[in-house]
Amino acid sequence: MSEQLLHAKRYGGILCLLALALVLGLLLGRVAFDDPFVTYRYARNLRAGLGLVYNPQERVLSTTAPLYALLLAGGALLTNNIPTLSNWISVAALFVGACFLYLLCDSFGSSKAGLMAATLYITAPLHWLSLGFETAFYLALILGAFYFYFKDRFVPCSVLLALALLTRGDGILPAIALGMHYVTTRRYIPWRAIALYLLLSAPMLIYLTLFFGSPLPVTLAAKAAQAKLGVTGFYAHTSFIEGVLILAEAYVQQSKLYIVFVFCVCMGFIAAIRQRKWPWPALLWAVLYFAGYHLLGVAPYHWYYAPLIPAFVLLAGWGFTAITARIGQMLRGARLPEAVVMITLGLPLLLPPCISNAQIYRALRNPGSVSPESKTYKVLPEAKVEVYRRVGEWLKEHTPEDAVIGVTEVGVIGYYAERTMVDFLGLIRPDVARALQNGNIQWALWHYQPDYVVLTRVNPLYSYDLRADEWFKVAYTPVQVFEDEHFWGGPVTVYQRQIPRYQLSNTDEIPPDAIPLHIRFGNQVELLAYTVDKEVLHPGDVLNVALYWQCLQPLSEDYTVFVHLLGEYDLIVAQRDMEPCLGTCPTHRWRPGERIADPYMLALPATTFTPDEAQLEVGLYHPVSQQRLTATTAEGKTLGDSARFHTLTIQPAQASPIPNPMQINFGNQIALVGYSIDQRLAKPGETFHLTLYWRALQHMQENYSVFTHLLSENGQRVAQMDSWPQHGNAPTSGWQLDAIVKDDYELDVPGDASPGVYSIHIGIYLAETQQRLWVLDGVGQPQSDFVILSRVRVIK
């Protein structure tokens, strides 16, 4: 075949790849995920003159792709739409990477394998699910380096490898793979290439180290901490190896023909071994990459697996060529055109990625069409980007410029909000990542107390049930809800902080206004002093308490500190049990003589009984055995398993003729506006007389029933009374709008009731359907279908 014809075929193949990239780019170019928006914000801030930072004036390297951020910042000179710019850079990079794959195989004498490998590469659905990330750009650099390496052009090879390293830290792995191949095949070290590589990469690595303190992004520690907590891009506690199996299962479910791809990969591996002349560094790079991510133990996400694609498609292309050549020999007598054989065998290989990409296109056109429970959901675009964008734009428009926003997923919301962000998964703040390592996913919320918090209804803070946290319910109120029928985790709610931010101490020095105490626990630690910020409390208040400890002896165990506010009859009004320093300084790290400032925020529920007097109770216990340390005075007097001190007064929230005034909405129909109870201490056989005060929020046609339950500490219902209000004499259908209805109930303590603390639960339901009315928050979102009204004690 003439040289001119070879060039024509090569250029024809490249044009076909270009057309394929453009078509897929036009169809799938709207794919978006949350994570790359972190890099987009770095690029926009750099373009705006704020520097290579996420939050202005905070030197934290959160992007895993600093060079890619620089590239986007340059592109932002041409367009302000950085997400779209990044997607089309990815499309262009996929085309360039496919071309390098094609030319690489062609240089090994197999243009057919190259064309098939390049086609598989550019149609790989995992690439299109990684659109907008730095992945395609990064892979194009590495594949270009491989091509130039095997053409003995070491200068461009070193340049591209250096750029790959600056794009992503794991870009060092292909350099190691090529270096190992060079040393083993040529028997000497390429010092010039190494020097050029270091010369090009060193300046930026030095800059990153000087500016951020390290060239490694904080996201590395954050992803490792997420994995420890079980937060991954697949299912809880999914490992990197298990992620491969999940992806494989999802793709096979989309098309069983992916088995043909696996077969071609196996045949390609056999053919490569037989031929020996094959780009083995590509496979070595894939092995190093897989082993590295597995050993790092980071939380896996689907885009982490895209760098494995080049090795697999190379093997598949080689296997396809070997199979077609073998079949061609078998059918030589039939005189079938070679193109017919290749098309016949190539269709089953190329059809599966086309099916997967068609499903991606369908998911873009019809978000939420696939159930999150489906296995194929993990290989489809996220349906939350659009609602996150709306949230971010609302925050930009409706919050002060200096507002601090707390979120679980920071990418899209942070990009569009343009506010100082705190993310609860540690991607942009190293101190949050360190807290996650200790298992404290709620630490960032307590420590930073953002002005606004954005939460999804499903898994708002993953393993921590934030909606049950009394402090959060008191400190934050919902101000805006964003519905999206396509997002399985919705709605998304924006909460605003309603109380002043508690200024946590930055030093372990005891302040002058602290009250001395000197109580020892187990002769291992001493509570030197404490502070409280209030003497008179009301329902819905937060009491801020700071404890000042000193370690007396080394502690081999991690103890939990409990801080209780005990009211009449030792009933707990508010409490917080946690490791010291919001969970960031476990006791096993304490050293003798060390002082520790330990803050606690105790929230009084809106249903808190008043008037009352309460006392602080503090102690330490082992989280497994529940064994408490014995408290003693400095003189050696034993106090028991806790220390009690400082009496506070609890008064009603407002002056009102109704006892214990409050406003708790049951649906949009009825509000509980107060209650009274004749006693909170009773014996078996005695009765708690409860009076509820209701207000009609609208005219009702239905007649609702009220339930009042008395539950033991283990949740067992020991007494109940269900009826229409006023023992059936005041059906809700007859209530006047805004009229107050007084409603009496009796809860009889069983004769065999065990001594202990019991709780009174109340709620409203429709007797015909047993359907309960939801308790609604400030923006009408359901919280629960009952209210814990008060605690009571039963004695012998």
# chains A, B, ... in the order shown; residues from 1 in each chain; ligands from 1
call {"tool": "select_by_dssp", "arguments": {"residues": "segment 519-603 of chain A", "states": "helix (DSSP H, G or I)", "output": "ChimeraX atom specification"}}
result
/A:568-570,581-583,587-589
call {"tool": "residues_around", "arguments": {"residues": "Thr167 of chain A", "least_positions_apart": "6", "cutoff": "6 Å", "atoms": "only C-alpha atoms", "output": "PyMOL selection string"}}
result
chain A and resi 65-68
call {"tool": "residues_around", "arguments": {"residues": "segment 219-228 of chain A", "least_positions_apart": "4", "cutoff": "7 Å", "atoms": "only C-alpha atoms", "output": "PyMOL selection string"}}
result
chain A and resi 62+232+237+297-299+425-427+433+436-437
call {"tool": "write_last_selection", "arguments": {"atoms": "N, CA, C and O atoms", "output": "short mmCIF file (atom, residue, chain, number, x, y, z; two decimals), in the first residue's frame"}}
result
data_model
loop_
_atom_site.label_atom_id
_atom_site.label_comp_id
_atom_site.auth_asym_id
_atom_site.auth_seq_id
_atom_site.Cartn_x
_atom_site.Cartn_y
_atom_site.Cartn_z
N SER A 62 -8.24 22.70 47.34
CA SER A 62 -9.33 21.73 47.32
C SER A 62 -9.50 21.08 45.96
O SER A 62 -10.03 19.98 45.87
N THR A 232 -19.74 7.04 50.06
CA THR A 232 -19.11 6.78 48.77
C THR A 232 -20.06 7.19 47.65
O THR A 232 -21.19 7.59 47.89
N HIS A 237 -20.08 2.18 52.48
CA HIS A 237 -18.89 1.37 52.74
C HIS A 237 -18.45 0.55 51.51
O HIS A 237 -17.87 -0.53 51.65
N GLY A 297 -7.43 3.76 50.01
CA GLY A 297 -8.67 3.57 50.75
C GLY A 297 -9.63 4.74 50.65
O GLY A 297 -10.41 4.99 51.57
N VAL A 298 -9.58 5.49 49.54
CA VAL A 298 -10.47 6.63 49.39
C VAL A 298 -11.87 6.17 49.00
O VAL A 298 -12.06 5.07 48.49
N ALA A 299 -12.85 7.04 49.28
CA ALA A 299 -14.23 6.72 48.91
C ALA A 299 -14.33 6.69 47.38
O ALA A 299 -13.98 7.66 46.72
N LEU A 425 -18.43 17.67 54.31
CA LEU A 425 -17.68 16.46 53.93
C LEU A 425 -16.19 16.74 53.74
O LEU A 425 -15.45 15.90 53.24
N GLY A 426 -15.74 17.94 54.10
CA GLY A 426 -14.31 18.20 54.21
C GLY A 426 -13.56 18.46 52.92
O GLY A 426 -12.33 18.43 52.91
N LEU A 427 -14.26 18.75 51.81
CA LEU A 427 -13.57 18.94 50.54
C LEU A 427 -12.83 20.27 50.46
O LEU A 427 -11.85 20.39 49.72
N ALA A 433 -12.04 17.75 57.38
CA ALA A 433 -11.58 16.41 57.01
C ALA A 433 -11.00 15.68 58.23
O ALA A 433 -11.22 14.48 58.41
N LEU A 436 -13.80 14.47 60.32
CA LEU A 436 -14.42 13.29 59.71
C LEU A 436 -13.61 12.03 60.02
O LEU A 436 -14.17 10.95 60.18
N GLN A 437 -12.29 12.18 60.07
CA GLN A 437 -11.45 11.02 60.41
C GLN A 437 -11.82 10.46 61.78
O GLN A 437 -11.70 9.26 62.03
#
call {"tool": "closest_residue", "arguments": {"among": "A:Tyr476, A:Tyr693, A:Trp774, A:Phe707", "to": "Asn660 of chain A", "atoms": "only C-alpha atoms"}}
result
A:Tyr693
call {"tool": "residues_around", "arguments": {"residues": "Asp402 of chain A", "least_positions_apart": "6", "cutoff": "10 Å", "atoms": "only C-alpha atoms", "output": "mmCIF file with N, CA, C and O atoms, in the first residue's frame"}}
result
data_model
loop_
_atom_site.group_PDB
_atom_site.id
_atom_site.type_symbol
_atom_site.label_atom_id
_atom_site.label_comp_id
_atom_site.auth_asym_id
_atom_site.auth_seq_id
_atom_site.Cartn_x
_atom_site.Cartn_y
_atom_site.Cartn_z
ATOM 1 N N GLU A 418 -21.668 31.956 45.266
ATOM 2 C CA GLU A 418 -20.611 32.968 45.370
ATOM 3 C C GLU A 418 -20.528 33.537 46.786
ATOM 4 O O GLU A 418 -20.409 34.743 46.984
ATOM 5 N N ARG A 419 -20.616 32.656 47.767
ATOM 6 C CA ARG A 419 -20.495 33.035 49.168
ATOM 7 C C ARG A 419 -19.410 32.180 49.817
ATOM 8 O O ARG A 419 -18.994 31.158 49.270
ATOM 9 N N THR A 420 -18.966 32.603 50.987
ATOM 10 C CA THR A 420 -18.028 31.774 51.745
ATOM 11 C C THR A 420 -18.731 30.487 52.140
ATOM 12 O O THR A 420 -19.826 30.511 52.701
ATOM 13 N N ASP A 451 -24.239 30.915 58.696
ATOM 14 C CA ASP A 451 -25.423 31.764 58.684
ATOM 15 C C ASP A 451 -26.599 31.049 58.026
ATOM 16 O O ASP A 451 -27.760 31.249 58.427
#
call {"tool": "closest_residue", "arguments": {"among": "A:Glu568, A:Asp508, A:Glu713, A:Glu702", "to": "Ala546 of chain A", "atoms": "only C-alpha atoms"}}
result
A:Asp508
call {"tool": "residues_around", "arguments": {"residues": "Val265 of chain A", "least_positions_apart": "3", "cutoff": "10 Å", "atoms": "only C-alpha atoms", "output": "list in words"}}
result
Ile259, Val260, Phe261, Val262, Gly268, Phe269, Ile270, Ala271, Ala311, Phe312, Val313, Leu314, Leu315, Ala316, Gly317, Trp318, Gly319 and Phe320 of chain A
call {"tool": "closest_residue", "arguments": {"among": "A:Arg276, A:Arg326, A:Arg501, A:Lys384", "to": "Leu445 of chain A", "atoms": "only C-alpha atoms"}}
result
A:Arg501
call {"tool": "atom_distance", "arguments": {"atom1": "atom CA of Val706 of chain A", "atom2": "atom CA of Met662 of chain A"}}
result
17.8 Å
call {"tool": "closest_atom_pairs", "arguments": {"of": "segment 509-595 of chain A", "to": "segment 605-628 of chain A", "cutoff": "12 Å", "atoms": "only C-alpha atoms", "output": "Markdown table"}}
result
| residue | atom | partner | partner_atom | distance |
| --- | --- | --- | --- | --- |
| A:Leu517 | CA | A:Val618 | CA | 11.7 |
| A:Ile519 | CA | A:Gly619 | CA | 10.1 |
| A:Arg520 | CA | A:Gly619 | CA | 9.8 |
| A:Phe521 | CA | A:Leu620 | CA | 7.5 |
| A:Gly522 | CA | A:Arg628 | CA | 8.8 |
| A:Gln524 | CA | A:Leu620 | CA | 10.9 |
| A:Val525 | CA | A:Leu620 | CA | 9.7 |
| A:Glu526 | CA | A:Gly619 | CA | 10.8 |
| A:Leu527 | CA | A:Val618 | CA | 9.4 |
| A:Ala529 | CA | A:Val618 | CA | 11.9 |
| A:Tyr530 | CA | A:Leu616 | CA | 10.6 |
| A:Thr531 | CA | A:Leu616 | CA | 11.2 |
| A:Val532 | CA | A:Leu616 | CA | 10.0 |
| A:Glu535 | CA | A:Ala614 | CA | 10.2 |
| A:Val536 | CA | A:Glu613 | CA | 9.4 |
| A:Leu537 | CA | A:Glu613 | CA | 9.5 |
| A:His538 | CA | A:Thr608 | CA | 8.1 |
| A:Pro539 | CA | A:Ala606 | CA | 4.8 |
| A:Gly540 | CA | A:Ala606 | CA | 4.8 |
| A:Asp541 | CA | A:Pro605 | CA | 7.8 |
| A:Val542 | CA | A:Pro605 | CA | 9.2 |
| A:Leu543 | CA | A:Leu616 | CA | 10.6 |
| A:Asn544 | CA | A:Leu616 | CA | 11.6 |
| A:Val545 | CA | A:Leu616 | CA | 9.5 |
| A:Ala546 | CA | A:Val618 | CA | 11.4 |
| A:Leu547 | CA | A:Val618 | CA | 9.3 |
| A:Tyr548 | CA | A:Val618 | CA | 11.9 |
| A:Trp549 | CA | A:Gly619 | CA | 11.7 |
| A:Leu555 | CA | A:His622 | CA | 11.5 |
| A:Ser556 | CA | A:His622 | CA | 11.1 |
| A:Glu557 | CA | A:His622 | CA | 7.7 |
| A:Asp558 | CA | A:His622 | CA | 7.0 |
| A:Tyr559 | CA | A:His622 | CA | 4.9 |
| A:Thr560 | CA | A:Tyr621 | CA | 5.4 |
| A:Val561 | CA | A:Leu620 | CA | 4.5 |
| A:Phe562 | CA | A:Gly619 | CA | 5.5 |
| A:Val563 | CA | A:Val618 | CA | 4.7 |
| A:His564 | CA | A:Glu617 | CA | 4.9 |
| A:Leu565 | CA | A:Leu616 | CA | 4.8 |
| A:Leu566 | CA | A:Ala614 | CA | 5.0 |
| A:Gly567 | CA | A:Ala614 | CA | 4.1 |
| A:Glu568 | CA | A:Glu613 | CA | 6.5 |
| A:Tyr569 | CA | A:Ala614 | CA | 9.8 |
| A:Asp570 | CA | A:Ala614 | CA | 8.5 |
| A:Leu571 | CA | A:Ala614 | CA | 9.0 |
| A:Ile572 | CA | A:Ala614 | CA | 8.8 |
| A:Val573 | CA | A:Thr608 | CA | 6.9 |
| A:Ala574 | CA | A:Pro605 | CA | 7.7 |
| A:Gln575 | CA | A:Glu617 | CA | 9.2 |
| A:Arg576 | CA | A:Val618 | CA | 10.0 |
| A:Asp577 | CA | A:Leu620 | CA | 9.1 |
| A:Met578 | CA | A:Pro623 | CA | 9.4 |
| A:Glu579 | CA | A:Leu620 | CA | 9.2 |
| A:Pro580 | CA | A:Leu620 | CA | 9.9 |
| A:Pro586 | CA | A:His622 | CA | 11.8 |
| A:Thr587 | CA | A:Leu620 | CA | 10.2 |
| A:His588 | CA | A:His622 | CA | 11.8 |
call {"tool": "atom_distance", "arguments": {"atom1": "atom CA of Thr321 of chain A", "atom2": "atom CA of Ala113 of chain A"}}
result
5.5 Å
call {"tool": "closest_residue", "arguments": {"among": "A:Gly763, A:Gly636, A:Gly756, A:Gly213", "to": "Val792 of chain A", "atoms": "only C-alpha atoms"}}
result
A:Gly756
call {"tool": "residues_around", "arguments": {"residues": "Gly233 of chain A", "least_positions_apart": "6", "cutoff": "9 Å", "atoms": "only C-alpha atoms", "output": "MDAnalysis selection string"}}
result
chainID A and resid 243 299:302 378
call {"tool": "atom_distance", "arguments": {"atom1": "atom CA of Val60 of chain A", "atom2": "atom CA of Leu504 of chain A"}}
result
21.9 Å
call {"tool": "closest_residue", "arguments": {"among": "A:Met116, A:Ala76, A:Ala140, A:Val155", "to": "Phe95 of chain A", "atoms": "only C-alpha atoms"}}
result
A:Ala140
